[in-house]
>>> print(open('upload05.txt').read())   # compact mmCIF, C-alpha atoms and all ligand atoms
# COMPACT_ATOMS: atom_id res chain seq x y z
CA MET A 122 106.28 102.16 63.63
CA LEU A 123 104.01 105.10 62.89
CA ALA A 124 100.49 103.99 62.20
CA SER A 125 97.01 105.31 61.83
CA ALA A 126 93.85 103.39 61.22
CA SER A 127 90.47 103.86 59.72
CA ALA A 128 89.50 100.40 60.89
CA ALA A 129 90.26 98.25 63.86
CA PHE A 130 93.78 97.18 64.59
CA GLY A 131 94.32 93.51 65.15
CA ASN A 132 96.44 91.89 67.78
CA ILE A 133 100.03 92.94 68.33
CA SER A 134 102.57 90.37 69.42
CA LEU A 135 106.26 91.00 70.07
CA ASP A 136 108.75 88.29 70.91
CA LEU A 137 112.10 89.91 71.68
CA GLN A 138 114.95 87.59 72.54
CA GLY A 139 118.57 88.47 73.14
CA VAL A 140 120.66 91.36 74.17
CA SER A 141 120.02 93.71 71.26
CA ALA A 142 116.37 93.08 70.61
CA GLU A 143 114.43 96.31 70.70
CA ALA A 144 111.07 97.47 69.45
CA ARG A 145 109.40 100.85 69.59
CA ILE A 146 105.81 101.37 68.67
CA HIS A 147 104.82 104.99 68.50
CA ARG A 148 101.34 106.36 68.13
CA ILE A 149 98.55 104.07 67.14
CA ASP A 150 95.53 106.31 66.95
CA ALA A 151 92.31 104.48 66.34
CA ASN A 152 90.34 106.74 68.59
CA ASP A 153 86.89 107.14 67.18
CA ALA A 154 84.32 106.01 69.67
CA ALA A 155 81.47 106.60 67.25
CA THR A 156 82.70 103.88 64.94
CA GLY A 157 84.11 101.75 67.69
CA MET A 158 87.65 101.45 66.41
CA THR A 159 89.66 99.09 68.52
CA ILE A 160 93.13 97.76 69.13
CA GLY A 161 93.33 94.05 69.81
CA ALA A 162 95.32 92.14 72.36
CA ILE A 163 98.94 93.15 72.92
CA THR A 164 101.43 90.47 73.92
CA VAL A 165 105.08 91.19 74.68
CA MET A 166 107.79 88.72 75.60
CA ALA A 167 111.12 90.44 76.24
CA SER A 168 114.11 88.42 77.33
CA GLY A 169 117.73 89.47 77.75
CA ALA A 170 119.60 92.44 79.18
CA GLY A 171 119.23 94.53 76.06
CA ALA A 172 115.71 93.53 75.24
CA SER A 173 113.30 96.42 75.40
CA ALA A 174 109.94 97.35 74.04
CA SER A 175 108.17 100.67 74.25
CA PHE A 176 104.68 101.66 73.27
CA GLU A 177 103.69 105.29 73.25
CA GLY A 178 100.59 107.14 72.20
CA MET A 179 97.91 104.53 71.66
CA SER A 180 94.25 105.45 71.66
CA ALA A 181 91.11 103.61 70.60
CA SER A 182 87.58 103.05 71.71
CA ALA A 183 88.77 99.77 73.18
CA ILE A 184 92.15 98.20 73.77
CA GLY A 185 92.37 94.46 74.35
CA ALA A 186 94.23 92.51 76.97
CA ILE A 187 97.88 93.45 77.50
CA THR A 188 100.23 90.64 78.53
CA VAL A 189 103.86 91.38 79.32
CA THR A 190 106.52 88.84 80.29
CA THR A 191 110.12 89.82 80.97
CA ASP A 192 113.28 87.90 81.76
CA GLY A 193 117.01 88.52 81.89
CA SER A 194 116.81 92.21 82.91
CA ALA A 195 114.55 93.29 80.08
CA ASN A 196 112.59 96.52 79.99
CA VAL A 197 109.08 97.15 78.71
CA ALA A 198 107.35 100.51 78.80
CA PHE A 199 103.88 101.72 77.90
CA ALA A 200 103.06 105.43 77.92
CA SER A 201 100.19 107.69 76.97
CA PHE A 202 97.51 105.27 76.00
CA SER A 203 93.81 105.56 76.47
CA ALA A 204 90.56 103.84 75.61
CA SER A 205 87.27 105.68 75.41
CA ALA A 206 85.30 102.61 76.42
CA THR A 207 87.22 99.63 77.71
CA LEU A 208 90.77 98.63 78.50
CA GLY A 209 91.35 94.91 78.87
CA ASN A 210 93.14 92.96 81.55
CA ILE A 211 96.80 93.75 82.11
CA THR A 212 98.96 90.77 83.09
CA ILE A 213 102.63 91.27 83.96
CA THR A 214 105.17 88.63 84.86
CA THR A 215 108.77 89.53 85.63
CA ARG A 216 111.07 86.56 85.92
CA HIS A 217 114.45 88.11 86.61
CA SER A 218 116.05 90.64 88.91
CA GLY A 219 116.55 93.88 86.99
CA ASP A 220 113.45 93.49 84.86
CA THR A 221 111.39 96.66 84.68
CA VAL A 222 107.88 97.20 83.39
CA THR A 223 106.36 100.67 83.43
CA PHE A 224 102.93 102.03 82.56
CA THR A 225 102.50 105.78 82.61
CA ASP A 226 99.60 108.04 81.75
CA PHE A 227 96.91 105.55 80.89
CA ALA A 228 93.18 105.76 81.35
CA THR A 229 89.75 105.25 80.01
CA THR A 230 87.32 108.13 79.71
CA ALA A 231 85.03 108.89 82.62
CA SER A 232 82.48 106.25 81.67
CA GLY A 233 84.97 103.59 80.63
CA ARG A 234 86.09 100.50 82.39
CA MET A 235 89.42 98.81 82.97
CA GLY A 236 89.95 95.13 83.47
CA ASP A 237 92.03 93.41 86.10
CA ILE A 238 95.69 94.13 86.69
CA VAL A 239 97.57 90.97 87.65
CA ILE A 240 101.26 91.21 88.53
CA ASN A 241 103.75 88.54 89.49
CA ALA A 242 107.04 90.30 90.17
CA THR A 243 110.17 88.42 91.11
CA ALA A 244 112.73 89.74 93.61
CA GLY A 245 114.77 92.65 92.28
CA SER A 246 112.31 93.56 89.56
CA ASP A 247 110.23 96.72 89.36
CA VAL A 248 106.73 97.19 88.07
CA ALA A 249 105.66 100.82 88.14
CA PHE A 250 102.36 102.38 87.19
CA GLY A 251 101.83 106.12 87.09
CA ASP A 252 98.54 107.84 87.81
CA PHE A 253 95.60 106.12 86.20
CA GLY A 254 91.87 106.49 86.04
CA SER A 255 88.68 104.84 84.92
CA SER A 256 85.07 104.80 86.01
CA GLY A 257 85.53 101.21 87.11
CA ILE A 258 88.79 99.41 87.67
CA GLY A 259 88.98 95.64 88.05
CA LEU A 260 90.87 93.63 90.63
CA ILE A 261 94.49 94.52 91.30
CA LYS A 262 96.26 91.30 92.25
CA VAL A 263 99.94 91.19 93.11
CA ALA A 264 102.29 88.35 93.96
CA GLY A 265 106.02 87.85 94.37
CA GLU A 266 108.95 89.61 95.96
CA GLY A 267 109.37 92.54 93.58
CA ALA A 268 108.60 96.24 93.95
CA VAL A 269 105.18 97.21 92.63
CA THR A 270 104.25 100.88 92.64
CA PHE A 271 101.07 102.59 91.53
CA GLY A 272 100.53 106.33 91.44
CA SER A 273 97.18 107.90 92.12
CA ALA A 274 94.07 105.97 91.08
CA SER A 275 90.91 107.85 90.27
CA GLY A 276 87.38 106.80 89.45
CA ASN A 277 84.30 105.36 91.05
CA ARG A 278 85.61 102.04 92.27
CA ILE A 279 88.26 99.34 92.28
CA ASN A 280 87.02 95.76 92.54
CA GLY A 281 89.65 94.93 95.12
CA ILE A 282 93.34 94.76 95.91
CA ASP A 283 94.69 91.28 96.61
CA LEU A 284 98.22 91.20 98.03
CA ARG A 285 98.00 87.72 99.54
CA GLY A 286 100.62 86.44 97.14
CA VAL A 287 103.19 89.10 98.08
CA GLY A 288 106.20 87.64 99.91
CA SER A 289 108.11 89.23 102.76
CA GLY A 290 110.54 90.90 100.37
CA GLY A 291 107.85 92.41 98.20
CA SER A 292 106.54 95.95 98.33
CA PHE A 293 103.37 97.62 97.13
CA THR A 294 102.33 101.27 96.94
CA ILE A 295 99.10 102.89 95.77
CA ASP A 296 97.21 106.15 96.32
CA LEU A 297 93.45 105.55 96.48
CA SER A 298 92.50 109.08 97.56
CA GLY A 299 90.85 109.73 94.20
CA VAL A 300 88.64 106.63 94.35
CA SER A 301 85.06 107.25 95.49
CA ALA A 302 83.95 103.86 96.79
CA GLY A 303 85.62 101.86 99.55
CA VAL A 304 88.14 99.27 98.46
CA VAL A 305 88.63 95.82 99.98
CA VAL A 306 92.34 95.14 100.50
CA ASP A 307 93.70 91.70 101.37
CA GLY A 308 97.18 92.18 102.78
CA GLY A 309 100.27 90.08 102.24
CA LEU A 310 103.62 89.49 103.89
CA GLY A 311 105.49 92.40 102.34
CA THR A 312 105.60 96.15 102.89
CA SER A 313 102.67 98.16 101.65
CA SER A 314 101.83 101.85 101.63
CA ILE A 315 98.25 102.68 100.81
CA VAL A 316 96.46 106.03 100.85
CA SER A 317 92.88 105.47 101.99
CA SER A 318 90.09 105.98 99.47
CA LYS A 319 87.19 108.40 99.95
CA GLY A 320 84.96 105.45 100.87
CA ASP A 321 84.83 102.97 103.72
CA ASP A 322 87.77 100.68 102.96
CA GLU A 323 88.26 97.26 104.47
CA PHE A 324 91.75 95.97 105.18
CA TYR A 325 92.23 92.29 105.98
CA LEU A 326 95.83 91.93 107.06
CA GLU A 327 98.02 88.94 107.85
CA SER A 328 98.14 88.30 111.58
CA GLY A 329 101.47 89.49 112.97
CA ARG A 330 103.02 89.72 109.53
CA GLY A 331 103.39 92.30 106.78
CA ALA A 332 104.23 95.97 107.32
CA GLU A 333 101.33 98.20 106.39
CA SER A 334 101.10 101.97 106.30
CA ILE A 335 97.63 103.37 105.72
CA ARG A 336 97.55 107.09 105.09
CA TYR A 337 94.86 109.67 105.79
CA GLN A 338 95.36 113.09 104.30
CA THR A 339 91.97 114.77 104.31
CA ALA A 340 88.83 114.73 106.42
CA SER A 341 86.88 112.91 103.71
CA GLN A 342 88.29 109.42 103.49
CA GLY A 343 85.44 107.46 105.02
CA THR A 344 85.59 105.13 108.00
CA ASP A 345 87.88 102.20 107.30
CA ILE A 346 87.84 98.83 109.00
CA ILE A 347 91.23 97.28 109.63
CA VAL A 348 91.36 93.64 110.68
CA LYS A 349 94.51 92.22 112.29
CA PHE A 350 96.22 95.57 112.63
CA GLU A 351 99.46 95.01 114.57
CA ALA A 352 99.21 97.14 117.71
CA GLY A 353 102.33 97.66 119.81
CA THR A 354 104.91 97.56 117.02
CA ALA A 355 105.98 99.90 114.26
CA ASP A 356 105.12 97.30 111.63
CA ASP A 357 101.64 98.63 111.06
CA GLN A 358 101.07 102.36 111.04
CA LEU A 359 98.31 104.86 110.51
CA GLU A 360 99.73 107.95 108.85
CA PHE A 361 98.18 111.39 109.07
CA VAL A 362 99.10 114.41 107.00
CA ALA A 363 99.03 117.10 109.68
CA ALA A 364 98.64 120.10 107.41
CA THR A 365 95.51 118.85 105.66
CA PHE A 366 93.85 116.35 107.97
CA GLY A 367 90.85 117.40 110.02
CA THR A 368 88.34 120.03 109.10
CA THR A 369 89.51 122.91 111.22
CA GLY A 370 93.03 123.89 110.42
CA GLY A 371 95.08 120.74 110.54
CA LEU A 372 96.19 118.42 113.31
CA MET A 373 97.37 120.11 116.48
CA ASP A 374 99.05 119.04 119.69
CA ALA A 375 97.91 119.85 123.25
CA SER A 376 99.49 123.30 123.04
CA GLY A 377 97.74 124.27 119.84
CA GLU A 378 100.88 123.87 117.77
CA ALA A 379 100.93 121.96 114.52
CA ALA A 380 101.36 118.28 115.31
CA VAL A 381 104.77 116.95 114.34
CA THR A 382 105.24 113.61 116.04
CA ALA A 383 102.82 111.16 117.57
CA GLN A 384 102.60 111.27 121.34
CA LEU A 385 99.88 109.29 123.07
CA THR A 386 98.32 110.31 126.36
CA ASN A 387 97.97 107.85 129.17
CA GLY A 388 94.67 106.00 129.11
CA ILE A 389 92.12 108.57 130.28
CA THR A 390 89.24 107.61 132.59
CA ALA A 391 88.44 110.93 134.31
CA ALA A 392 89.24 114.65 134.13
CA TYR A 393 92.63 114.97 132.51
CA ALA A 394 95.08 117.74 131.70
CA LEU A 395 96.99 117.13 128.49
CA THR A 396 100.74 117.52 128.60
CA ALA A 397 103.00 119.28 126.14
CA GLY A 398 103.41 117.37 122.94
CA ASP A 399 100.32 115.18 123.31
CA THR A 400 98.79 114.60 119.89
CA VAL A 401 96.67 111.47 120.36
CA ILE A 402 94.05 111.47 123.15
CA VAL A 403 93.60 107.89 124.33
CA LEU A 404 90.40 107.17 126.26
CA ALA A 405 90.61 104.09 128.43
CA THR A 406 86.91 104.15 129.17
CA GLY A 407 84.86 102.17 126.67
CA PHE A 408 82.02 103.84 124.76
CA ASP A 409 79.05 102.42 122.93
CA THR A 410 78.67 105.39 120.64
CA ASN A 411 80.69 108.16 119.09
CA ALA A 412 78.39 110.69 120.74
CA SER A 413 79.11 109.36 124.23
CA ALA A 414 82.86 109.51 123.56
CA LEU A 415 82.45 113.12 122.45
CA ASP A 416 80.49 113.95 125.61
CA PHE A 417 83.30 112.50 127.68
CA LEU A 418 85.90 114.58 125.85
CA ASP A 419 83.77 117.69 126.24
CA ASN A 420 83.61 117.27 130.01
CA ASN A 421 87.06 116.02 130.86
CA ILE A 422 89.84 117.37 128.65
CA THR A 423 91.96 120.38 129.50
CA PHE A 424 94.59 121.64 127.10
CA LYS A 425 98.17 122.37 128.03
CA THR A 426 97.88 125.86 126.63
CA ALA A 427 94.72 127.67 125.66
CA LEU A 428 93.81 127.04 122.06
CA ALA A 429 93.85 130.29 120.16
CA GLY A 430 91.66 129.08 117.34
CA GLU A 431 90.36 126.10 115.49
CA ALA A 432 92.13 122.81 115.83
CA SER A 433 91.81 119.10 115.20
CA MET A 434 93.23 116.36 117.38
CA LEU A 435 93.38 112.61 117.09
CA VAL A 436 91.34 110.57 119.55
CA VAL A 437 91.38 106.86 120.29
CA TYR A 438 88.64 105.05 122.22
CA GLY A 439 87.52 101.50 122.72
CA THR A 440 84.11 99.94 122.17
CA GLY A 441 84.79 96.90 124.32
CA THR A 442 85.91 94.80 121.36
CA ASP A 443 87.47 97.23 118.91
CA THR A 444 89.36 100.50 118.87
CA VAL A 445 88.03 103.55 117.10
CA VAL A 446 90.48 106.11 115.75
CA ALA A 447 88.71 109.42 115.33
CA VAL A 448 89.42 113.06 114.69
CA LEU A 449 88.12 115.68 117.10
CA ASP A 450 87.41 118.91 115.29
CA ILE A 451 87.23 121.98 117.51
CA GLY A 452 85.65 125.04 115.99
CA THR A 453 86.12 128.11 118.13
CA ALA A 454 86.48 131.79 117.57
CA THR A 455 87.81 132.42 121.04
CA SER A 456 90.66 131.14 123.13
CA LEU A 457 89.74 128.15 125.26
CA THR A 458 91.48 125.92 127.76
CA THR A 459 88.86 123.25 128.20
CA LEU A 460 86.43 122.00 125.62
CA ALA A 461 83.49 122.77 127.86
CA SER A 462 84.67 126.26 128.71
CA GLY A 463 83.82 128.21 125.60
CA SER A 464 81.68 128.37 122.55
CA ALA A 465 83.52 125.57 120.85
CA VAL A 466 81.65 123.62 118.21
CA LEU A 467 82.82 120.06 118.55
CA SER A 468 82.57 117.11 116.27
CA LEU A 469 84.12 113.66 116.47
CA THR A 470 84.49 111.76 113.20
CA GLN A 471 85.50 108.13 112.96
CA VAL A 472 88.48 107.51 110.70
CA ALA A 473 89.26 103.86 111.25
CA VAL A 474 88.09 100.95 113.35
CA LEU A 475 90.84 98.58 114.45
CA SER A 476 89.04 95.29 114.83
CA GLY A 477 89.97 93.27 117.91
CA VAL A 478 92.41 95.90 119.21
CA THR A 479 92.15 97.56 122.63
CA PRO A 480 93.29 101.19 122.97
CA GLY A 481 95.92 100.31 125.56
CA ALA A 482 97.71 98.07 123.06
CA LEU A 483 98.55 100.98 120.78
CA VAL A 484 101.92 102.71 120.93
CA ALA A 485 103.19 105.94 119.40
CA ALA A 486 104.92 103.91 116.67
CA ASN A 487 101.48 102.86 115.40
CA PHE A 488 100.93 106.50 114.42
CA GLU A 489 102.95 108.54 112.00
CA ILE A 490 102.35 112.25 111.56
CA VAL A 491 103.74 113.49 108.28
CA CA B 1 88.79 105.24 103.18
CA CA B 2 100.92 93.85 109.55
>>> encode(input="upload05.txt", output="structure tokens")
Amino acid sequence: MLASASAAFGNISLDLQGVSAEARIHRIDANDAATGMTIGAITVMASGAGASASFEGMSASAIGAITVTTDGSANVAFASFSASATLGNITITTRHSGDTVTFTDFATTASGRMGDIVINATAGSDVAFGDFGSSGIGLIKVAGEGAVTFGSASGNRINGIDLRGVGSGGSFTIDLSGVSAGVVVDGGLGTSSIVSSKGDDEFYLESGRGAESIRYQTASQGTDIIVKFEAGTADDQLEFVAATFGTTGGLMDASGEAAVTAQLTNGITAAYALTAGDTVIVLATGFDTNASALDFLDNNITFKTALAGEASMLVVYGTGTDTVVAVLDIGTATSLTTLASGSAVLSLTQVAVLSGVTPGALVAANFEIV
């Protein structure tokens, strides 16, 4: 169908049953914000191995709620659609292994808003979103055992990510690095990979269950709080992108080489010489403040090999109840062996607080350097 409108489009409803049912809707352009042209609600039911529906090139000032239900290995795809003001709720239910639902290249303009995205994906089905953006994005709520993948989100905020309905076979991926405000994430039982937002995120994970990877790739991703992080196993991991993390030339090891793998020091309580390969400095002494932890580092750490230039290293210290994961940025124009020995400009920036975790409970497998 090729359509253009000088007035609002109404609702669109497709009911595709059977192996050969197919519908393609190409280019509905009602995009005139001044006159408020809109597209109504879109409802798609696709059932059967050959059932497919594709929508491509829709734009309007507002697009209504989109509801997609698939069964029997059906495929539904949306691509290249945008709303200059609002985009309604998106609700997706996949009922059968082999079902696929994809959304690519969709957005509102900078001041627009998106509704909630609610997904219930059965085992063996895939729901995939590409990069998407909006000034404000509603709640993203996922349940089931399927694979749910989002690309990079951008905008001011997301109302929350609720994965509590995800089963142990389910997986979830999203990149929040383009989102300004912190996001509250409720974890589930499945496997999730989340890139931290620019704000102070809060992760509430399932105790002893679920495999979470939380990634940090720049020095500007706020200070996250992670509750019920699984220390001592590889199930839960903090990931750091060595080449870009930290403010002074990427993450280094104790010899001033680019960090490759996570290696934790012993718990440090006094003057300490780092050994080759150390990448995470673990302080066993508790500190009330970030500044006191930095003072301790300044006075007690000796590198394996003199640092030739600027470097950043990961640091872990306890507060008595929680563990702080921080990045130590070392700005220096001259070679130095100890932090106190030269004209180094030091800063210690909190990255994440692991609530209820003690530093000694962490193992190298809790850190992934990528
Ligand atoms: Ca963050
Ligand atoms: Ca977990």
>>> residues_near_ligand(input="upload05.txt", ligand="ligand CA 1 (chain B)", cutoff="8 Å", atoms="all atoms listed in the file", output="list in words")
Ser298, Gly303, Val304, Ser317, Ser318, Lys319, Gly320, Asp321, Asp322, Tyr337, Ser341, Gln342, Gly343, Thr344, Asp345 and Val472 of chain A
>>> atom_distance(input="upload05.txt", atom1="atom CA of Gly233 of chain A", atom2="atom CA of Phe324 of chain A")
26.6 Å
>>> residues_around(input="upload05.txt", residues="Thr164 of chain A", least_positions_apart="3", cutoff="12 Å", atoms="only C-alpha atoms", output="list in words")
Gly131, Asn132, Ile133, Ser134, Leu135, Asp136, Leu137, Gly161, Ala167, Ala174, Phe176, Gly185, Ala186, Ile187, Thr188, Val189, Thr190, Thr191, Val197, Asn210, Ile211, Thr212, Ile213 and Thr214 of chain A
>>> atom_distance(input="upload05.txt", atom1="atom CA of Thr410 of chain A", atom2="atom CA of Ser328 of chain A")
27.4 Å
>>> residues_near_ligand(input="upload05.txt", ligand="ligand CA 2 (chain B)", cutoff="7 Å", atoms="all atoms listed in the file", output="list in words")
Leu326, Glu327, Ser328, Gly329, Arg330, Gly331, Ala332, Glu333, Phe350, Glu351, Asp356 and Asp357 of chain A
>>> atom_distance(input="upload05.txt", atom1="atom CA of Thr294 of chain A", atom2="atom CA of Ser255 of chain A")
18.5 Å
>>> residues_around(input="upload05.txt", residues="Gly286 of chain A", least_positions_apart="6", cutoff="12 Å", atoms="all atoms listed in the file", output="PyMOL selection string")
chain A and resi 239-243+261-267+292-293+307-311+327+331
>>> closest_residue(input="upload05.txt", among="A:Ser376, A:Met434, A:Ser175, A:Asn487", to="Ser456 of chain A", atoms="only C-alpha atoms")
A:Ser376
>>> residues_around(input="upload05.txt", residues="segment 199-205 of chain A", least_positions_apart="3", cutoff="8 Å", atoms="all atoms listed in the file", output="ChimeraX atom specification")
/A:152,154,175-184,208,223-230,232-233
>>> closest_residue(input="upload05.txt", among="A:Thr390, A:Thr458, A:Ser168, A:Thr442", to="Leu475 of chain A", atoms="all atoms listed in the file")
A:Thr442
